[in-house]
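Source file data.txt; content: compact mmCIF, C-alpha atoms.
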# COMPACT_ATOMS: atom_id res chain seq x y z
CA MET A 1 20.02 -38.25 3.56
CA GLN A 2 20.12 -34.64 2.58
CA SER A 3 22.04 -35.42 -0.55
CA THR A 4 19.06 -37.29 -1.93
CA ASN A 5 17.44 -34.01 -2.76
CA THR A 6 20.08 -33.29 -5.38
CA GLN A 7 20.15 -36.68 -7.05
CA SER A 8 19.83 -37.10 -10.79
CA PRO A 9 16.42 -37.78 -12.35
CA PRO A 10 15.34 -41.42 -12.10
CA SER A 11 15.92 -43.64 -15.11
CA ASP A 12 13.44 -46.18 -16.47
CA SER A 13 15.72 -49.18 -15.89
CA PHE A 14 15.86 -51.38 -12.79
CA ILE A 15 19.56 -50.93 -12.01
CA ALA A 16 19.13 -50.69 -8.23
CA LEU A 17 16.70 -53.62 -8.09
CA LYS A 18 19.19 -55.76 -10.03
CA ARG A 19 21.63 -55.13 -7.19
CA VAL A 20 18.95 -56.18 -4.72
CA MET A 21 18.37 -59.38 -6.71
CA GLY A 22 22.04 -60.20 -6.19
CA GLU A 23 21.09 -60.91 -2.56
CA PHE A 24 18.92 -63.82 -3.76
CA ARG A 25 21.99 -66.03 -4.42
CA PRO A 26 21.94 -67.81 -1.03
CA TYR A 27 18.31 -68.77 -1.68
CA LYS A 28 18.64 -70.27 -5.18
CA ILE A 29 17.15 -73.62 -4.17
CA LYS A 30 14.16 -72.02 -2.46
CA LEU A 31 13.59 -69.67 -5.40
CA SER A 32 13.76 -72.60 -7.84
CA LEU A 33 11.14 -74.37 -5.73
CA VAL A 34 8.99 -71.22 -5.68
CA LEU A 35 9.21 -70.98 -9.48
CA SER A 36 8.32 -74.68 -9.89
CA LEU A 37 5.34 -74.33 -7.56
CA GLY A 38 4.28 -71.19 -9.45
CA ILE A 39 4.26 -73.10 -12.72
CA ILE A 40 2.06 -75.79 -11.12
CA ILE A 41 -0.35 -73.10 -9.88
CA SER A 42 -0.37 -71.40 -13.29
CA LEU A 43 -1.54 -74.64 -14.96
CA ILE A 44 -4.76 -74.77 -12.93
CA GLN A 45 -6.66 -72.14 -14.94
CA PRO A 46 -5.86 -73.58 -18.42
CA ILE A 47 -6.91 -77.00 -17.13
CA SER A 48 -10.17 -75.46 -15.85
CA VAL A 49 -10.78 -73.87 -19.28
CA LYS A 50 -10.23 -77.20 -21.03
CA LEU A 51 -12.53 -78.92 -18.55
CA SER A 52 -15.27 -76.31 -19.10
CA GLN A 53 -15.02 -76.79 -22.87
CA ARG A 54 -15.34 -80.57 -22.50
CA ILE A 55 -18.39 -80.23 -20.22
CA ILE A 56 -20.23 -77.90 -22.63
CA ASP A 57 -19.43 -80.09 -25.67
CA GLU A 58 -20.64 -83.17 -23.80
CA LEU A 59 -23.87 -81.42 -22.83
CA GLN A 60 -24.49 -80.67 -26.53
CA LYS A 61 -24.68 -84.41 -27.24
CA GLY A 62 -28.05 -84.76 -25.55
CA SER A 63 -28.93 -88.45 -25.15
CA LEU A 64 -25.43 -89.47 -26.30
CA ILE A 65 -23.79 -87.98 -23.19
CA GLN A 66 -21.13 -90.22 -21.71
CA GLY A 67 -22.09 -90.78 -18.08
CA SER A 68 -18.56 -91.92 -17.17
CA PHE A 69 -17.19 -88.49 -18.09
CA PHE A 70 -19.40 -86.70 -15.57
CA ARG A 71 -18.50 -89.24 -12.91
CA GLN A 72 -14.85 -88.40 -13.49
CA VAL A 73 -15.33 -84.59 -13.34
CA PRO A 74 -15.84 -84.29 -9.51
CA ALA A 75 -12.75 -86.41 -8.82
CA MET A 76 -10.73 -84.33 -11.29
CA LEU A 77 -11.87 -81.07 -9.69
CA ILE A 78 -11.05 -82.26 -6.17
CA GLY A 79 -7.62 -83.53 -7.26
CA VAL A 80 -6.73 -80.38 -9.19
CA PHE A 81 -7.66 -77.96 -6.40
CA PHE A 82 -6.07 -80.14 -3.70
CA ILE A 83 -2.75 -80.01 -5.56
CA SER A 84 -3.28 -76.28 -6.18
CA GLY A 85 -3.89 -75.63 -2.47
CA ILE A 86 -0.71 -77.43 -1.39
CA ALA A 87 1.32 -75.65 -4.08
CA LYS A 88 -0.06 -72.22 -3.10
CA TYR A 89 0.74 -72.78 0.59
CA PHE A 90 4.41 -73.61 0.03
CA HIS A 91 4.73 -71.05 -2.78
CA ASN A 92 3.49 -68.18 -0.60
CA THR A 93 5.41 -69.31 2.51
CA LEU A 94 8.73 -69.67 0.71
CA ARG A 95 8.48 -66.37 -1.18
CA ARG A 96 7.70 -64.51 2.04
CA TYR A 97 10.66 -66.25 3.72
CA VAL A 98 13.09 -65.14 1.01
CA ALA A 99 11.74 -61.57 0.91
CA GLU A 100 11.97 -61.11 4.68
CA LYS A 101 15.48 -62.61 4.92
CA VAL A 102 16.76 -60.17 2.27
CA ILE A 103 15.14 -57.19 4.02
CA ILE A 104 16.52 -58.25 7.42
CA LYS A 105 20.03 -58.25 5.91
CA TYR A 106 19.54 -54.77 4.40
CA ARG A 107 18.14 -53.40 7.68
CA THR A 108 21.22 -54.67 9.54
CA VAL A 109 23.63 -53.35 6.90
CA ILE A 110 22.01 -49.88 6.96
CA PHE A 111 22.19 -49.73 10.76
CA GLU A 112 25.83 -50.85 10.79
CA LYS A 113 26.62 -48.34 8.04
CA TYR A 114 25.08 -45.57 10.15
CA LEU A 115 27.09 -46.61 13.22
CA GLY A 116 30.29 -46.71 11.16
CA PHE A 117 29.97 -43.22 9.68
CA PRO A 118 32.38 -40.61 11.09
CA LEU A 119 30.88 -37.56 12.78
CA SER A 120 31.82 -35.43 9.78
CA ILE A 121 29.14 -37.27 7.78
CA LEU A 122 26.64 -37.67 10.63
CA ASP A 123 26.71 -33.93 11.32
CA LYS A 124 25.46 -33.31 7.77
CA THR A 125 22.85 -36.05 7.85
CA ARG A 126 19.41 -35.97 9.42
CA ALA A 127 18.55 -38.91 11.69
CA GLY A 128 15.12 -38.92 10.05
CA ASP A 129 16.72 -39.88 6.73
CA PHE A 130 18.16 -43.04 8.24
CA LEU A 131 14.88 -43.82 10.00
CA SER A 132 13.05 -43.33 6.71
CA SER A 133 15.43 -45.74 4.94
CA ILE A 134 15.01 -48.43 7.60
CA GLN A 135 11.23 -48.06 7.80
CA ASN A 136 9.75 -46.64 4.62
CA ASP A 137 12.34 -47.36 1.91
CA LEU A 138 12.93 -50.94 3.03
CA GLY A 139 9.17 -51.40 3.32
CA LYS A 140 8.77 -50.44 -0.35
CA ILE A 141 11.64 -52.75 -1.33
CA SER A 142 10.08 -55.59 0.68
CA VAL A 143 6.82 -55.18 -1.24
CA GLY A 144 8.80 -55.06 -4.49
CA ILE A 145 10.74 -58.26 -3.71
CA ASP A 146 7.60 -60.10 -2.63
CA THR A 147 5.77 -58.89 -5.74
CA LEU A 148 8.66 -59.87 -8.02
CA ILE A 149 8.74 -63.42 -6.67
CA LEU A 150 4.95 -63.69 -6.71
CA VAL A 151 4.57 -62.39 -10.25
CA LEU A 152 7.06 -64.90 -11.69
CA LYS A 153 4.18 -67.32 -12.22
CA GLU A 154 1.91 -64.84 -14.01
CA PRO A 155 3.63 -65.11 -17.44
CA PHE A 156 3.15 -68.89 -17.27
CA THR A 157 -0.52 -68.41 -16.36
CA PHE A 158 -0.99 -65.98 -19.25
CA LEU A 159 0.82 -68.24 -21.72
CA GLY A 160 -1.16 -71.25 -20.51
CA LEU A 161 -4.47 -69.44 -21.04
CA LEU A 162 -3.28 -68.10 -24.38
CA GLY A 163 -2.34 -71.65 -25.35
CA ALA A 164 -5.83 -72.81 -24.36
CA ALA A 165 -7.30 -70.03 -26.51
CA PHE A 166 -5.12 -71.06 -29.49
CA TYR A 167 -6.21 -74.65 -28.98
CA CYS A 168 -9.86 -73.58 -29.24
CA ASP A 169 -9.33 -71.43 -32.40
CA TRP A 170 -5.92 -70.17 -33.47
CA ARG A 171 -7.35 -67.59 -35.91
CA LEU A 172 -9.49 -66.02 -33.20
CA ALA A 173 -6.59 -66.09 -30.73
CA LEU A 174 -4.23 -64.47 -33.21
CA SER A 175 -6.65 -61.60 -33.82
CA THR A 176 -6.77 -60.79 -30.09
CA LEU A 177 -3.01 -60.15 -29.94
CA VAL A 178 -3.44 -56.78 -31.70
CA VAL A 179 -4.00 -55.18 -28.28
CA ALA A 180 -0.57 -56.30 -26.98
CA PRO A 181 1.28 -53.11 -28.12
CA ILE A 182 -1.39 -50.94 -26.48
CA VAL A 183 -1.06 -52.78 -23.16
CA ALA A 184 2.77 -52.62 -23.33
CA LEU A 185 2.64 -48.84 -23.94
CA LEU A 186 0.27 -48.44 -20.98
CA PHE A 187 2.68 -50.40 -18.74
CA SER A 188 5.63 -48.21 -19.78
CA ARG A 189 3.92 -44.84 -19.37
CA SER A 190 2.27 -45.60 -16.03
CA GLY A 191 5.46 -47.19 -14.64
CA SER A 192 7.60 -44.15 -15.47
CA ALA A 193 5.09 -41.80 -13.84
CA VAL A 194 4.81 -43.92 -10.70
CA LYS A 195 8.59 -44.08 -10.25
CA ARG A 196 8.90 -40.31 -10.69
CA TYR A 197 6.25 -39.66 -8.04
CA SER A 198 7.70 -42.36 -5.76
CA HIS A 199 11.06 -40.57 -5.67
CA LYS A 200 9.32 -37.40 -4.51
CA ASN A 201 7.17 -39.33 -2.01
CA LEU A 202 10.17 -41.01 -0.39
CA GLU A 203 12.11 -37.74 -0.13
CA THR A 204 9.13 -35.93 1.40
CA PHE A 205 8.50 -38.78 3.84
CA SER A 206 12.15 -38.54 4.88
CA GLU A 207 11.63 -34.83 5.65
CA LEU A 208 8.52 -35.75 7.63
CA MET A 209 10.49 -38.26 9.70
CA SER A 210 13.23 -35.69 10.32
CA VAL A 211 10.81 -33.05 11.61
CA SER A 212 9.14 -35.68 13.82
CA GLN A 213 12.48 -36.80 15.24
CA GLU A 214 13.59 -33.21 15.87
CA GLY A 215 10.34 -32.35 17.61
CA ILE A 216 10.57 -35.38 19.90
CA SER A 217 14.31 -35.29 20.72
CA GLY A 218 14.29 -31.49 21.09
CA ALA A 219 11.12 -31.34 23.18
CA ARG A 220 12.72 -29.18 25.92
CA VAL A 221 13.99 -26.60 23.43
CA VAL A 222 10.62 -26.58 21.66
CA LYS A 223 8.77 -25.85 24.89
CA VAL A 224 11.23 -23.30 26.29
CA PHE A 225 11.26 -21.22 23.09
CA GLN A 226 7.55 -21.84 22.33
CA LEU A 227 8.24 -23.44 18.96
CA GLU A 228 5.14 -25.66 18.97
CA LYS A 229 3.22 -23.60 16.42
CA PRO A 230 5.97 -23.04 13.80
CA LEU A 231 7.09 -26.66 14.08
CA SER A 232 3.50 -27.84 13.73
CA GLU A 233 3.01 -25.64 10.65
CA LYS A 234 6.20 -27.02 9.10
CA PHE A 235 4.97 -30.56 9.76
CA LYS A 236 1.59 -29.80 8.18
CA ASN A 237 3.16 -28.26 5.07
CA ILE A 238 5.45 -31.23 4.49
CA GLN A 239 2.59 -33.64 5.12
CA GLU A 240 0.39 -31.79 2.62
CA SER A 241 3.15 -31.98 0.00
CA TYR A 242 3.51 -35.71 0.70
CA PHE A 243 -0.26 -36.20 0.37
CA LEU A 244 -0.49 -34.35 -2.96
CA THR A 245 2.35 -36.34 -4.53
CA LEU A 246 0.97 -39.58 -3.08
CA MET A 247 -2.43 -38.89 -4.65
CA LYS A 248 -0.81 -38.24 -8.06
CA SER A 249 0.89 -41.61 -7.85
CA THR A 250 -2.34 -43.25 -6.65
CA ARG A 251 -4.31 -41.82 -9.58
CA VAL A 252 -1.83 -43.26 -12.07
CA GLU A 253 -1.85 -46.68 -10.37
CA GLU A 254 -5.63 -46.85 -10.01
CA LEU A 255 -6.26 -45.64 -13.58
CA ALA A 256 -4.10 -48.35 -15.14
CA THR A 257 -6.26 -51.27 -13.96
CA PRO A 258 -9.64 -49.94 -15.27
CA VAL A 259 -7.99 -49.12 -18.60
CA VAL A 260 -6.69 -52.70 -18.91
CA GLU A 261 -10.15 -54.02 -17.96
CA PHE A 262 -11.84 -51.75 -20.51
CA ILE A 263 -9.48 -52.92 -23.24
CA GLY A 264 -10.28 -56.49 -22.20
CA ALA A 265 -14.03 -55.80 -22.37
CA ILE A 266 -13.68 -54.43 -25.92
CA LEU A 267 -11.63 -57.50 -26.80
CA ILE A 268 -14.20 -59.93 -25.42
CA ALA A 269 -17.03 -58.05 -27.18
CA GLY A 270 -15.17 -58.48 -30.47
CA VAL A 271 -14.57 -62.16 -29.69
CA ILE A 272 -18.28 -62.74 -29.06
CA ILE A 273 -19.23 -61.10 -32.36
CA TYR A 274 -16.59 -62.83 -34.46
CA GLY A 275 -16.68 -66.13 -32.53
CA GLY A 276 -20.47 -66.24 -32.60
CA HIS A 277 -20.36 -65.83 -36.38
CA ARG A 278 -17.88 -68.71 -36.72
CA ALA A 279 -19.95 -70.89 -34.37
CA ALA A 280 -23.11 -70.16 -36.43
CA MET A 281 -21.23 -71.31 -39.51
CA GLY A 282 -20.27 -74.55 -37.77
CA LEU A 283 -16.55 -73.66 -37.69
CA LEU A 284 -16.55 -73.62 -33.85
CA THR A 285 -18.32 -75.85 -31.34
CA PRO A 286 -20.21 -74.13 -28.52
CA GLY A 287 -17.68 -75.60 -26.08
CA GLN A 288 -14.76 -74.16 -28.04
CA LEU A 289 -16.40 -70.72 -28.18
CA VAL A 290 -17.21 -70.67 -24.45
CA GLY A 291 -13.78 -72.09 -23.61
CA PHE A 292 -12.14 -69.37 -25.72
CA ILE A 293 -14.16 -66.60 -24.05
CA ILE A 294 -13.30 -67.98 -20.58
CA ALA A 295 -9.59 -68.23 -21.48
CA ILE A 296 -9.44 -64.65 -22.81
CA GLY A 297 -11.41 -63.37 -19.82
CA LEU A 298 -9.13 -65.14 -17.34
CA ALA A 299 -6.04 -63.96 -19.24
CA GLN A 300 -6.87 -60.41 -18.16
CA MET A 301 -6.06 -61.30 -14.55
CA PRO A 302 -2.36 -62.11 -15.06
CA LEU A 303 -2.12 -58.99 -17.26
CA LYS A 304 -3.53 -56.87 -14.44
CA GLN A 305 -1.23 -58.60 -11.98
CA LEU A 306 1.76 -57.88 -14.23
CA ASN A 307 0.74 -54.24 -14.54
CA ASN A 308 0.29 -53.86 -10.77
CA ALA A 309 3.61 -55.64 -10.21
CA TYR A 310 5.36 -53.34 -12.68
CA LEU A 311 4.09 -50.27 -10.82
CA LYS A 312 5.15 -51.69 -7.44
CA LEU A 313 8.57 -52.56 -8.85
CA LYS A 314 8.97 -48.98 -10.07
CA THR A 315 8.23 -47.77 -6.53
CA ALA A 316 10.68 -50.35 -5.15
CA GLU A 317 13.32 -49.20 -7.65
CA ALA A 318 12.99 -45.61 -6.40
CA ALA A 319 13.37 -46.84 -2.79
CA ALA A 320 16.33 -49.07 -3.71
CA GLU A 321 18.11 -46.13 -5.35
CA ARG A 322 17.80 -44.16 -2.09
CA VAL A 323 19.04 -47.10 -0.02
CA TYR A 324 22.06 -47.68 -2.26
CA GLN A 325 22.84 -43.97 -2.25
CA LEU A 326 23.19 -44.35 1.51
CA LEU A 327 25.11 -47.64 1.38
CA ASP A 328 27.47 -46.33 -1.32
CA THR A 329 28.37 -43.26 0.76
CA GLU A 330 32.03 -43.58 1.66
CA PRO A 331 33.72 -42.00 4.68
CA SER A 332 36.12 -39.12 4.06
CA GLN A 333 39.31 -40.13 2.24
CA ASN A 334 41.52 -39.69 5.28
CA GLN A 335 39.28 -41.90 7.43
CA SER A 336 41.80 -44.75 7.34
CA GLU A 337 42.51 -47.18 10.16
CA GLY A 338 45.98 -48.36 11.08
CA THR A 339 46.89 -51.73 12.54
CA ARG A 340 49.57 -50.74 15.04
CA PRO A 341 48.59 -51.75 18.59
CA ILE A 342 48.77 -49.28 21.47
CA ILE A 343 48.60 -50.44 25.07
CA GLN A 344 49.16 -47.29 27.09
CA LEU A 345 50.56 -43.78 26.81
CA GLU A 346 54.19 -43.53 27.96
CA ARG A 347 55.42 -39.99 27.12
CA GLY A 348 52.65 -37.69 25.96
CA ILE A 349 50.54 -36.13 23.20
CA SER A 350 51.70 -33.67 20.52
CA PHE A 351 49.72 -31.50 18.12
CA GLU A 352 51.89 -30.40 15.16
CA ASN A 353 50.47 -27.70 12.88
CA VAL A 354 46.93 -29.16 13.12
CA SER A 355 44.07 -27.65 11.09
CA LEU A 356 40.41 -28.71 11.08
CA ASN A 357 37.43 -27.57 9.00
CA TYR A 358 33.75 -28.32 9.44
CA GLY A 359 32.77 -28.24 5.79
CA GLU A 360 33.81 -24.78 4.60
CA LYS A 361 34.04 -23.39 8.14
CA PRO A 362 37.53 -23.45 9.78
CA ALA A 363 37.59 -24.65 13.39
CA LEU A 364 41.34 -24.94 14.08
CA SER A 365 44.21 -23.38 12.14
CA HIS A 366 47.85 -24.56 12.42
CA LEU A 367 47.59 -25.46 16.10
CA SER A 368 50.68 -26.85 17.87
CA PHE A 369 51.25 -27.84 21.53
CA GLU A 370 52.48 -30.71 23.70
CA ILE A 371 50.97 -32.41 26.75
CA ASN A 372 53.22 -34.62 28.83
CA LYS A 373 52.06 -37.74 30.59
CA GLY A 374 50.65 -36.87 34.02
CA ASP A 375 49.73 -33.29 33.09
CA CYS A 376 46.24 -31.96 33.85
CA VAL A 377 45.28 -29.50 31.11
CA ALA A 378 42.24 -27.22 30.71
CA PHE A 379 41.32 -25.34 27.53
CA VAL A 380 39.64 -22.00 28.20
CA GLY A 381 38.04 -19.73 25.62
CA HIS A 382 34.86 -18.33 24.15
CA SER A 383 32.14 -20.48 22.59
CA GLY A 384 33.14 -21.75 19.16
CA GLY A 385 36.85 -21.22 19.84
CA GLY A 386 37.73 -24.87 19.16
CA LYS A 387 37.93 -26.36 22.68
CA SER A 388 35.59 -29.28 21.94
CA SER A 389 37.20 -29.74 18.52
CA ILE A 390 40.61 -30.39 20.11
CA VAL A 391 39.12 -33.05 22.39
CA ASN A 392 37.12 -34.64 19.53
CA LEU A 393 40.31 -35.07 17.49
CA LEU A 394 42.01 -37.31 20.07
CA PRO A 395 39.70 -40.34 19.55
CA ARG A 396 39.46 -39.41 15.82
CA LEU A 397 35.79 -38.50 15.95
CA TYR A 398 36.82 -35.99 13.26
CA GLU A 399 39.74 -36.13 10.83
CA ILE A 400 42.27 -33.30 10.64
CA CYS A 401 42.79 -31.42 7.38
CA GLU A 402 46.48 -30.68 7.95
CA GLY A 403 49.21 -31.53 10.42
CA LYS A 404 49.74 -34.45 12.78
CA ILE A 405 48.54 -35.65 16.17
CA LEU A 406 51.13 -37.89 17.86
CA PHE A 407 50.85 -40.30 20.75
CA ASP A 408 54.36 -41.04 22.01
CA GLY A 409 55.71 -39.70 18.69
CA VAL A 410 53.49 -41.97 16.55
CA SER A 411 50.63 -40.59 14.42
CA ILE A 412 47.24 -41.62 15.77
CA SER A 413 46.24 -42.67 12.22
CA ASP A 414 48.73 -45.57 12.56
CA PHE A 415 46.80 -47.06 15.49
CA SER A 416 43.66 -49.15 15.23
CA LEU A 417 40.60 -47.12 16.18
CA TYR A 418 39.57 -49.76 18.71
CA ASP A 419 42.87 -49.62 20.60
CA LEU A 420 43.06 -45.82 20.37
CA ARG A 421 39.59 -45.27 21.80
CA ARG A 422 40.11 -47.79 24.60
CA LEU A 423 42.78 -45.42 25.98
CA ILE A 424 40.37 -42.49 26.24
CA SER A 425 37.62 -41.76 28.76
CA PHE A 426 35.16 -39.23 27.42
CA VAL A 427 32.51 -37.21 29.28
CA THR A 428 30.40 -35.19 26.84
CA GLN A 429 28.52 -31.94 27.39
CA ASP A 430 25.23 -33.60 26.44
CA THR A 431 23.68 -36.19 28.73
CA PHE A 432 22.67 -39.38 26.92
CA LEU A 433 21.47 -42.75 28.21
CA PHE A 434 20.55 -45.81 26.19
CA ASN A 435 17.04 -47.13 26.71
CA ASP A 436 18.15 -49.70 29.27
CA THR A 437 18.98 -50.00 32.99
CA LEU A 438 21.62 -47.78 34.59
CA PHE A 439 23.75 -50.89 35.17
CA GLU A 440 23.65 -51.82 31.45
CA ASN A 441 24.54 -48.24 30.46
CA ILE A 442 27.68 -48.41 32.62
CA HIS A 443 28.34 -52.02 31.60
CA TYR A 444 28.60 -51.08 27.89
CA GLY A 445 31.96 -49.45 28.63
CA ASN A 446 33.45 -52.67 30.07
CA PRO A 447 31.39 -55.81 29.32
CA SER A 448 33.77 -57.98 31.40
CA ALA A 449 33.24 -55.96 34.60
CA THR A 450 31.34 -57.59 37.47
CA LYS A 451 28.54 -55.88 39.36

For this file, write the structure as structure tokens.
Amino acid sequence: MQSTNTQSPPSDSFIALKRVMGEFRPYKIKLSLVLSLGIIISLIQPISVKLSQRIIDELQKGSLIQGSFFRQVPAMLIGVFFISGIAKYFHNTLRRYVAEKVIIKYRTVIFEKYLGFPLSILDKTRAGDFLSSIQNDLGKISVGIDTLILVLKEPFTFLGLLGAAFYCDWRLALSTLVVAPIVALLFSRSGSAVKRYSHKNLETFSELMSVSQEGISGARVVKVFQLEKPLSEKFKNIQESYFLTLMKSTRVEELATPVVEFIGAILIAGVIIYGGHRAAMGLLTPGQLVGFIIAIGLAQMPLKQLNNAYLKLKTAEAAAERVYQLLDTEPSQNQSEGTRPIIQLERGISFENVSLNYGEKPALSHLSFEINKGDCVAFVGHSGGGKSSIVNLLPRLYEICEGKILFDGVSISDFSLYDLRRLISFVTQDTFLFNDTLFENIHYGNPSATK
């Protein structure tokens, strides 16, 4: 929506995403199952580290190697990865199910919200903004939800590998934790930058969708007034702005992973030097040293996954803020709906001191007249004189600023909108057909009518 351009600067918290997570409540059982399966998957790597350590230590025994151990290893590997495969299948299927169900609900709510807005709001809102929310913003949120559910297992994987490292040598493991504050600072800085750029990206993409929609729906006007070139230039300029901001965000995202890997490489180099010294002194077995190096090396993967997830969640937060800005938009204060039924008009229609403004622009000022039942009335006047405005007020497509409109002496705000609009047949100046057959277009007006 146009109002998104004046929103306050994004915060670093996940307030909007917390509201999205509230939609997970109907899927508590499935999410609990996803988390349980994630824990099972996260145990595979620590088990593999422990198995590698045992193999290397056994190989060091030379002629004293236990043959039964190496007969057990293949069966253990097959069993572990069979269980892992089953767990991954159901884990991935269930998380995608939950993510898509939540997005489907939001897509429906946004569409219904759009249909329910009065014309006073729709006139100030670009259709491209709504299209952008349904397509682009919800797409970012979908990735964020899927990432959030997927990444729930990564802390368990990291802790499992860290536990394996502590089991090999707690002193060596403790010394590696000095890099934790550096990694946390990297996460925070990169996440804030990505969210800031994501806000700009989503706004610019919304402008791009609006220009596209205007060019397509207004094709006749574009051709008649030869607007192809200026419209094309406008499209190119917006697209270039979108590209530049997108590349800034991409640079931040793509820089974070190599930095984490470089920190990990420095860490492993230090482990090899210090661990090799302890192994030479007989304080570590070769299996423990190799197992420790494997555990620390594998621990980088969940860290990278957490960093990537954090950046995606920041993008999803920016998209969620835009979506909730739309969903939290309330109709004008006088857009109330009565409950009084109305079957047919018996006496007539009265306008009493009616005024109407379109924003700051007055359209009608203290207008009063009466139309009796059976009268045929035509309003004649220059363009912009308020003829269409009078007609638009009868079905409450717009709300009056002052005065009253009465049907049989009763204010139209006392009637339900459904009953009120059923009384009125409306032929607009602009021709519009839904993308369906002619029969279905007519049938919308009276679904119970036969052919």

Inset, instruction - Find the distance between atom CA of A:Ser198 and atom CA of A:Lys140 and write it in Å to one decimal. - result: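 Computing it gives 9.8 Å between the two atoms.
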
Inset, instruction - Identify, on the basis of all atoms listed in the file, every residue whose closest approach to A:Ser210 does not exceed 7 Å; exclude the query and any residue fewer than 2 positions from it along the same chain; express the result as a ChimeraX atom specification. - result: /A:126-129,206-208,212-214

Legend entry - From A:Ser368, A:Gln72, A:Asp137, A:Leu33, residue lying nearest A:Phe90 [all atoms listed in the file]: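 Of all the options, A:Leu33 lies closest to A:Phe90.
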
Inset, instruction - Extract, using only C-alpha atoms, all DNA, RNA and protein residues at most 7 Å from A:Pro46, discarding same-chain residues fewer than 4 positions from it, and format them as a list in words. - result: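 The residues that qualify are Lys50, Gly160, Leu161 and Ala164 of chain A.
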
Padded axis-aligned box of stretch 250-254 of chain A (6 Å per side), centre and edge lengths, Å, one decimal, as JSON:
{"center_x": -3.7, "center_y": -44.3, "center_z": -9.4, "size_x": 15.8, "size_y": 17.0, "size_z": 17.4}

Inset, instruction - Would you mind listing what lies within 7 Å of A:Ile268 as a ChimeraX atom specification, with all atoms listed in the file counted and same-chain residues fewer than 4 positions away left out? - result: /A:264,272,293

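The spacing separating atom CA of A:Leu37 from atom CA of A:Ile78 amounts to 18.3 Å.
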
Legend entry - Pick from A:Leu284, A:Ala219, A:Leu159, A:Leu244 nearest to A:Gln300, counting only C-alpha atoms: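 Smallest distance to A:Gln300 is found for A:Leu159.
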
Inset, instruction - Between A:Thr108, A:Gln135, A:Gln53, A:Gln45, single out the one closest to A:Val80, counting all atoms listed in the file. - result: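 Checking each of A:Thr108, A:Gln135, A:Gln53, A:Gln45 against A:Val80, counting all atoms listed in the file, the winner is A:Gln45.
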
Inset, instruction - For A:Gly276, work out the shell of residues within 9 Å, counting all atoms listed in the file and skipping chain neighbours fewer than 5 positions away, then give it as a list in words. - result: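 So, after excluding close chain neighbours, the residues are Val271, Met281, Leu284, Pro286 and Leu289 of chain A.
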
Legend entry - atom CA of A:Tyr418 to atom CA of A:Arg347, straight-line distance in Å: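 Between atom CA of A:Arg347 and atom CA of A:Tyr418 the gap is 20.4 Å.
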
Legend entry - Selection near A:Ser249, 9 Å with all atoms listed in the file, sequence-local residues under 5 positions removed, as a list of chain:residue names: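 Once the adjacent positions are removed, what remains is A:Ala193, A:Val194, A:Lys195, A:Arg196, A:Tyr197, A:Ser198, A:Asn201, A:Leu244, A:Glu254.
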
Take the residues that were just selected and, keeping C-alpha atoms, output them as a compact mmCIF listing (two decimals), in the coordinates of the input.
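As written to disk, again-v1.txt reads:
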# COMPACT_ATOMS: atom_id res chain seq x y z
CA ALA A 193 5.09 -41.80 -13.84
CA VAL A 194 4.81 -43.92 -10.70
CA LYS A 195 8.59 -44.08 -10.25
CA ARG A 196 8.90 -40.31 -10.69
CA TYR A 197 6.25 -39.66 -8.04
CA SER A 198 7.70 -42.36 -5.76
CA ASN A 201 7.17 -39.33 -2.01
CA LEU A 244 -0.49 -34.35 -2.96
CA GLU A 254 -5.63 -46.85 -10.01

Would you mind writing stretch 99-104 of chain A with N, CA, C and O atoms, as a short mmCIF file (atom, residue, chain, number, x, y, z; two decimals), keeping the file's coordinate frame?
data_model
loop_
_atom_site.label_atom_id
_atom_site.label_comp_id
_atom_site.auth_asym_id
_atom_site.auth_seq_id
_atom_site.Cartn_x
_atom_site.Cartn_y
_atom_site.Cartn_z
N ALA A 99 11.87 -63.03 0.88
CA ALA A 99 11.74 -61.57 0.91
C ALA A 99 12.13 -61.01 2.27
O ALA A 99 12.89 -60.03 2.35
N GLU A 100 11.67 -61.62 3.34
CA GLU A 100 11.97 -61.11 4.68
C GLU A 100 13.44 -61.28 5.04
O GLU A 100 14.03 -60.41 5.69
N LYS A 101 14.06 -62.39 4.63
CA LYS A 101 15.48 -62.61 4.92
C LYS A 101 16.34 -61.54 4.24
O LYS A 101 17.30 -61.04 4.83
N VAL A 102 16.00 -61.20 3.00
CA VAL A 102 16.76 -60.17 2.27
C VAL A 102 16.61 -58.82 2.96
O VAL A 102 17.59 -58.08 3.15
N ILE A 103 15.38 -58.48 3.37
CA ILE A 103 15.14 -57.19 4.02
C ILE A 103 15.83 -57.12 5.38
O ILE A 103 16.38 -56.08 5.75
N ILE A 104 15.83 -58.22 6.12
CA ILE A 104 16.52 -58.25 7.42
C ILE A 104 18.00 -57.94 7.24
O ILE A 104 18.61 -57.19 8.01
#
